[in-house]
file final_17.csv (CSV, C-alpha atoms)
chain,number,residue,atom,x,y,z
A,1,MET,CA,1.9,13.0,-16.4
A,2,ALA,CA,3.8,15.3,-14.1
A,3,ASN,CA,4.7,15.1,-10.5
A,4,PRO,CA,4.6,18.0,-8.2
A,5,ASN,CA,7.8,19.4,-6.8
A,6,ILE,CA,7.7,18.2,-3.2
A,7,VAL,CA,10.0,21.1,-2.1
A,8,SER,CA,7.3,23.6,-2.7
A,9,VAL,CA,4.0,21.9,-1.8
A,10,THR,CA,0.8,23.6,-1.2
A,11,SER,CA,-0.9,20.9,0.8
A,12,ILE,CA,-0.1,17.6,2.6
A,13,LYS,CA,-3.2,15.5,3.5
A,14,GLY,CA,-2.7,12.5,5.8
A,15,LYS,CA,-4.8,9.4,4.9
A,16,THR,CA,-5.2,6.0,6.5
A,17,ILE,CA,-7.2,3.2,5.1
A,18,GLY,CA,-8.1,-0.3,6.4
A,19,ALA,CA,-9.3,-3.3,4.4
A,20,SER,CA,-10.0,-6.9,4.8
A,21,LEU,CA,-8.2,-8.6,2.0
A,22,GLY,CA,-9.7,-11.1,-0.5
A,23,THR,CA,-7.9,-13.5,-2.8
A,24,THR,CA,-8.0,-11.3,-5.9
A,25,SER,CA,-5.6,-8.5,-6.4
A,26,THR,CA,-7.5,-5.3,-5.6
A,27,ALA,CA,-6.5,-1.6,-5.7
A,28,TYR,CA,-6.4,0.1,-2.3
A,29,VAL,CA,-4.5,3.3,-3.1
A,30,THR,CA,-4.8,4.8,-6.6
A,31,ASN,CA,-3.0,8.0,-7.7
A,32,SER,CA,-4.9,8.9,-10.9
A,33,ALA,CA,-2.9,10.0,-13.9
A,34,SER,CA,-4.1,13.6,-13.7
A,35,SER,CA,-4.1,14.1,-9.9
A,36,SER,CA,-1.2,16.7,-9.9
A,37,GLU,CA,-0.2,14.9,-6.6
A,38,VAL,CA,2.3,12.4,-5.4
A,39,TYR,CA,1.4,10.0,-2.6
A,40,LYS,CA,4.0,9.1,0.1
A,41,VAL,CA,3.2,5.7,1.5
A,42,ASN,CA,4.6,5.7,5.1
A,43,THR,CA,3.2,2.5,6.6
A,44,ILE,CA,1.7,-0.8,5.6
A,45,ILE,CA,0.7,-3.3,8.3
A,46,ALA,CA,-0.8,-6.7,7.6
A,47,SER,CA,-2.6,-8.3,10.5
A,48,ASN,CA,-3.8,-11.9,10.6
A,49,VAL,CA,-7.2,-11.9,12.3
A,50,THR,CA,-7.6,-15.6,12.6
A,51,ALA,CA,-6.7,-17.7,15.7
A,52,SER,CA,-5.1,-20.7,14.0
A,53,THR,CA,-4.2,-20.2,10.3
A,54,THR,CA,-1.1,-18.6,8.8
A,55,TYR,CA,-2.0,-16.6,5.7
A,56,GLN,CA,0.2,-15.0,3.1
A,57,VAL,CA,-0.1,-11.4,2.0
A,58,ASN,CA,0.9,-10.0,-1.4
A,59,ILE,CA,1.3,-6.3,-2.1
A,60,GLN,CA,1.9,-5.0,-5.6
A,61,LEU,CA,2.8,-1.7,-7.2
A,62,THR,CA,1.4,-1.1,-10.7
A,63,THR,CA,3.2,1.5,-12.8
A,64,SER,CA,3.2,2.3,-16.6
A,65,ALA,CA,6.0,-0.4,-16.9
A,66,GLY,CA,3.9,-3.2,-15.3
A,67,THR,CA,3.0,-4.7,-12.0
A,68,PHE,CA,5.7,-5.5,-9.4
A,69,TYR,CA,5.6,-7.2,-6.0
A,70,ILE,CA,6.6,-5.2,-2.9
A,71,VAL,CA,6.1,-8.5,-1.0
A,72,LYS,CA,5.0,-11.8,-2.3
A,73,ALA,CA,3.6,-14.7,-0.3
A,74,LEU,CA,4.8,-13.1,3.0
A,75,ASP,CA,3.7,-15.3,5.9
A,76,VAL,CA,1.6,-13.6,8.6
A,77,PRO,CA,1.1,-16.0,11.5
A,78,ALA,CA,-2.2,-16.4,13.3
A,79,ASP,CA,-3.1,-13.6,15.7
A,80,SER,CA,0.0,-11.6,14.5
A,81,SER,CA,0.9,-8.5,12.6
A,82,VAL,CA,3.7,-7.8,10.2
A,83,VAL,CA,5.0,-4.3,9.4
A,84,VAL,CA,5.6,-4.5,5.6
A,85,LEU,CA,6.7,-0.9,5.2
A,86,ASP,CA,7.5,1.9,7.7
A,87,LYS,CA,8.8,5.4,7.6
A,88,ASN,CA,12.4,4.1,7.1
A,89,SER,CA,11.4,2.5,3.8
A,90,ASN,CA,8.6,4.6,2.5
A,91,ILE,CA,7.7,4.7,-1.2
A,92,TYR,CA,6.1,7.3,-3.5
A,93,LEU,CA,3.2,6.7,-5.8
A,94,GLU,CA,3.6,9.0,-8.8
A,95,GLU,CA,0.6,9.9,-11.0
A,96,GLY,CA,-0.8,6.8,-12.6
A,97,MET,CA,0.5,4.3,-9.9
A,98,ILE,CA,-1.7,1.9,-8.0
A,99,LEU,CA,-1.0,0.0,-4.8
A,100,LYS,CA,-2.8,-3.4,-4.8
A,101,ALA,CA,-3.0,-6.3,-2.4
A,102,PHE,CA,-4.4,-9.8,-1.9
A,103,ALA,CA,-4.1,-12.7,0.5
A,104,SER,CA,-4.0,-16.4,0.3
A,105,GLY,CA,-7.3,-16.7,2.1
A,106,ALA,CA,-10.3,-14.4,2.1
A,107,ASN,CA,-10.9,-12.3,5.2
A,108,GLY,CA,-7.9,-13.7,7.0
A,109,ILE,CA,-5.7,-10.6,6.6
A,110,ASP,CA,-6.5,-7.0,7.5
A,111,LEU,CA,-4.4,-4.4,5.8
A,112,PHE,CA,-3.7,-0.9,7.1
A,113,ILE,CA,-2.1,1.7,4.9
A,114,SER,CA,-1.0,5.2,6.0
A,115,TYR,CA,0.0,7.7,3.3
A,116,GLU,CA,0.1,11.4,2.5
A,117,GLU,CA,-1.4,13.1,-0.5
A,118,ILE,CA,1.2,15.8,-1.5
A,119,ALA,CA,0.2,18.6,-3.9
call {"tool": "encode", "arguments": {"input": "final_17.csv", "output": "C-alpha cells"}}
result
Amino acid sequence: MANPNIVSVTSIKGKTIGASLGTTSTAYVTNSASSSEVYKVNTIIASNVTASTTYQVNIQLTTSAGTFYIVKALDVPADSSVVVLDKNSNIYLEEGMILKAFASGANGIDLFISYEEIA
C-alpha cells in the first residue's frame, strides 16, 4: 500500500456524492487498497429532511487499525443542516480507508460528501 506524492500529482478529480442514510453503518467513500490514489475529503454536510424529529448522524473512518468515529450521535435538528467537515478541517483517505455513515432513523438524514481523488 503506497500513497502518491501529492506534490507531483498527475490528476485531481472532484467528486460529490449524496445519500439518504439508513440505520446501518454503510460505506460511502472507499479508497481501495490498490488505487494508487489519496482522497482529500473537503466537505461533509448532514441535513435533516424531516419537519419535526431530531436525528443523530454518525460518521466513521475505517483504517487498517480499526474503525473510528469522526462524529458520534451528532444531533441534527429537524429541517436543519450541520457542517461536519469543511475545507479548514479536511481529512485524507489513504489507500484502504473507508468513510462510513449511519443515522438514528432511516431516511431522516441526507449526507453530502465532496472530495478529490488525487493521483
call {"tool": "residues_around", "arguments": {"input": "final_17.csv", "residues": "Ile70 of chain A", "least_positions_apart": "3", "cutoff": "10 Å", "atoms": "all atoms listed in the file", "output": "number ranges by chain"}}
result
A: 58-61, 67, 84-85, 99-101
call {"tool": "atom_distance", "arguments": {"input": "final_17.csv", "atom1": "atom CA of Tyr55 of chain A", "atom2": "atom CA of Leu21 of chain A"}}
result
10.8 Å
call {"tool": "closest_residue", "arguments": {"input": "final_17.csv", "among": "A:Leu74, A:Val49, A:Val29, A:Val7", "to": "Asn107 of chain A", "atoms": "only C-alpha atoms"}}
result
A:Val49
call {"tool": "residues_near_point", "arguments": {"input": "final_17.csv", "point": "(8.1, 16.8, -0.6)", "cutoff": "9 Å", "atoms": "only C-alpha atoms", "output": "JSON, numbers by chain"}}
result
{"A": [4, 5, 6, 7, 8, 9, 12, 38, 40, 118, 119]}
call {"tool": "residues_around", "arguments": {"input": "final_17.csv", "residues": "Val76 of chain A", "least_positions_apart": "4", "cutoff": "9 Å", "atoms": "all atoms listed in the file", "output": "compact mmCIF listing (two decimals) with C-alpha atoms, keeping the file's coordinate frame"}}
result
# COMPACT_ATOMS: atom_id res chain seq x y z
CA ALA A 46 -0.80 -6.70 7.60
CA SER A 47 -2.60 -8.30 10.50
CA ASN A 48 -3.80 -11.90 10.60
CA THR A 53 -4.20 -20.20 10.30
CA THR A 54 -1.10 -18.60 8.80
CA TYR A 55 -2.00 -16.60 5.70
CA GLN A 56 0.20 -15.00 3.10
CA VAL A 57 -0.10 -11.40 2.00
CA SER A 80 0.00 -11.60 14.50
CA SER A 81 0.90 -8.50 12.60
CA VAL A 82 3.70 -7.80 10.20
CA ILE A 109 -5.70 -10.60 6.60
call {"tool": "closest_residue", "arguments": {"input": "final_17.csv", "among": "A:Ser20, A:Ser25, A:Ser89, A:Ser64", "to": "Thr50 of chain A", "atoms": "all atoms listed in the file"}}
result
A:Ser20
call {"tool": "build_atoms", "arguments": {"input": "final_17.csv", "residues": "segment 18-29 of chain A", "atoms": "all heavy atoms", "output": "PDB file, in the frame of the given file"}}
result
ATOM      1  N   GLY A  18      -8.104   1.086   5.902  1.00  0.00           N
ATOM      2  CA  GLY A  18      -8.100  -0.300   6.400  1.00  0.00           C
ATOM      3  C   GLY A  18      -8.963  -1.130   5.497  1.00  0.00           C
ATOM      4  O   GLY A  18      -9.981  -0.655   4.996  1.00  0.00           O
ATOM      5  N   ALA A  19      -8.562  -2.374   5.291  1.00  0.00           N
ATOM      6  CA  ALA A  19      -9.300  -3.300   4.400  1.00  0.00           C
ATOM      7  C   ALA A  19      -9.118  -4.707   4.846  1.00  0.00           C
ATOM      8  O   ALA A  19      -8.031  -5.066   5.296  1.00  0.00           O
ATOM      9  CB  ALA A  19      -8.958  -3.069   2.975  1.00  0.00           C
ATOM     10  N   SER A  20     -10.137  -5.512   4.674  1.00  0.00           N
ATOM     11  CA  SER A  20     -10.000  -6.900   4.800  1.00  0.00           C
ATOM     12  C   SER A  20      -9.737  -7.515   3.450  1.00  0.00           C
ATOM     13  O   SER A  20     -10.526  -7.317   2.518  1.00  0.00           O
ATOM     14  CB  SER A  20     -11.315  -7.519   5.404  1.00  0.00           C
ATOM     15  OG  SER A  20     -11.200  -8.908   5.566  1.00  0.00           O
ATOM     16  N   LEU A  21      -8.606  -8.189   3.308  1.00  0.00           N
ATOM     17  CA  LEU A  21      -8.200  -8.600   2.000  1.00  0.00           C
ATOM     18  C   LEU A  21      -8.926  -9.868   1.502  1.00  0.00           C
ATOM     19  O   LEU A  21      -9.239 -10.762   2.284  1.00  0.00           O
ATOM     20  CB  LEU A  21      -6.681  -8.936   1.972  1.00  0.00           C
ATOM     21  CG  LEU A  21      -5.739  -7.778   2.265  1.00  0.00           C
ATOM     22  CD1 LEU A  21      -4.291  -8.231   2.112  1.00  0.00           C
ATOM     23  CD2 LEU A  21      -6.027  -6.590   1.384  1.00  0.00           C
ATOM     24  N   GLY A  22      -9.144  -9.889   0.206  1.00  0.00           N
ATOM     25  CA  GLY A  22      -9.700 -11.100  -0.500  1.00  0.00           C
ATOM     26  C   GLY A  22      -8.542 -11.774  -1.188  1.00  0.00           C
ATOM     27  O   GLY A  22      -7.364 -11.456  -1.006  1.00  0.00           O
ATOM     28  N   THR A  23      -8.894 -12.716  -2.041  1.00  0.00           N
ATOM     29  CA  THR A  23      -7.900 -13.500  -2.800  1.00  0.00           C
ATOM     30  C   THR A  23      -7.588 -13.001  -4.156  1.00  0.00           C
ATOM     31  O   THR A  23      -6.783 -13.585  -4.863  1.00  0.00           O
ATOM     32  CB  THR A  23      -8.331 -14.981  -2.831  1.00  0.00           C
ATOM     33  OG1 THR A  23      -9.602 -15.045  -3.484  1.00  0.00           O
ATOM     34  CG2 THR A  23      -8.428 -15.593  -1.439  1.00  0.00           C
ATOM     35  N   THR A  24      -8.228 -11.909  -4.543  1.00  0.00           N
ATOM     36  CA  THR A  24      -8.000 -11.300  -5.900  1.00  0.00           C
ATOM     37  C   THR A  24      -7.294  -9.970  -5.677  1.00  0.00           C
ATOM     38  O   THR A  24      -7.649  -9.184  -4.792  1.00  0.00           O
ATOM     39  CB  THR A  24      -9.351 -11.066  -6.572  1.00  0.00           C
ATOM     40  OG1 THR A  24     -10.044 -12.309  -6.673  1.00  0.00           O
ATOM     41  CG2 THR A  24      -9.143 -10.487  -7.956  1.00  0.00           C
ATOM     42  N   SER A  25      -6.297  -9.714  -6.500  1.00  0.00           N
ATOM     43  CA  SER A  25      -5.600  -8.500  -6.400  1.00  0.00           C
ATOM     44  C   SER A  25      -6.526  -7.282  -6.617  1.00  0.00           C
ATOM     45  O   SER A  25      -7.239  -7.190  -7.610  1.00  0.00           O
ATOM     46  CB  SER A  25      -4.487  -8.421  -7.526  1.00  0.00           C
ATOM     47  OG  SER A  25      -3.731  -7.237  -7.442  1.00  0.00           O
ATOM     48  N   THR A  26      -6.560  -6.409  -5.603  1.00  0.00           N
ATOM     49  CA  THR A  26      -7.500  -5.300  -5.600  1.00  0.00           C
ATOM     50  C   THR A  26      -6.750  -4.005  -5.286  1.00  0.00           C
ATOM     51  O   THR A  26      -5.826  -3.978  -4.468  1.00  0.00           O
ATOM     52  CB  THR A  26      -8.552  -5.527  -4.464  1.00  0.00           C
ATOM     53  OG1 THR A  26      -9.218  -6.770  -4.728  1.00  0.00           O
ATOM     54  CG2 THR A  26      -9.566  -4.411  -4.401  1.00  0.00           C
ATOM     55  N   ALA A  27      -7.150  -2.918  -5.953  1.00  0.00           N
ATOM     56  CA  ALA A  27      -6.500  -1.600  -5.700  1.00  0.00           C
ATOM     57  C   ALA A  27      -7.009  -0.999  -4.428  1.00  0.00           C
ATOM     58  O   ALA A  27      -8.217  -0.945  -4.174  1.00  0.00           O
ATOM     59  CB  ALA A  27      -6.861  -0.681  -6.904  1.00  0.00           C
ATOM     60  N   TYR A  28      -6.063  -0.536  -3.608  1.00  0.00           N
ATOM     61  CA  TYR A  28      -6.400   0.100  -2.300  1.00  0.00           C
ATOM     62  C   TYR A  28      -5.983   1.568  -2.294  1.00  0.00           C
ATOM     63  O   TYR A  28      -6.620   2.360  -1.628  1.00  0.00           O
ATOM     64  CB  TYR A  28      -5.833  -0.675  -1.155  1.00  0.00           C
ATOM     65  CG  TYR A  28      -6.540  -1.994  -0.998  1.00  0.00           C
ATOM     66  CD1 TYR A  28      -5.988  -3.169  -1.477  1.00  0.00           C
ATOM     67  CD2 TYR A  28      -7.798  -2.049  -0.433  1.00  0.00           C
ATOM     68  CE1 TYR A  28      -6.666  -4.368  -1.375  1.00  0.00           C
ATOM     69  CE2 TYR A  28      -8.498  -3.241  -0.327  1.00  0.00           C
ATOM     70  CZ  TYR A  28      -7.922  -4.400  -0.805  1.00  0.00           C
ATOM     71  OH  TYR A  28      -8.617  -5.585  -0.722  1.00  0.00           O
ATOM     72  N   VAL A  29      -4.915   1.911  -2.994  1.00  0.00           N
ATOM     73  CA  VAL A  29      -4.500   3.300  -3.100  1.00  0.00           C
ATOM     74  C   VAL A  29      -4.210   3.560  -4.582  1.00  0.00           C
ATOM     75  O   VAL A  29      -3.332   2.920  -5.161  1.00  0.00           O
ATOM     76  CB  VAL A  29      -3.265   3.654  -2.258  1.00  0.00           C
ATOM     77  CG1 VAL A  29      -2.880   5.116  -2.420  1.00  0.00           C
ATOM     78  CG2 VAL A  29      -3.501   3.325  -0.788  1.00  0.00           C
TER      79      VAL A  29
END
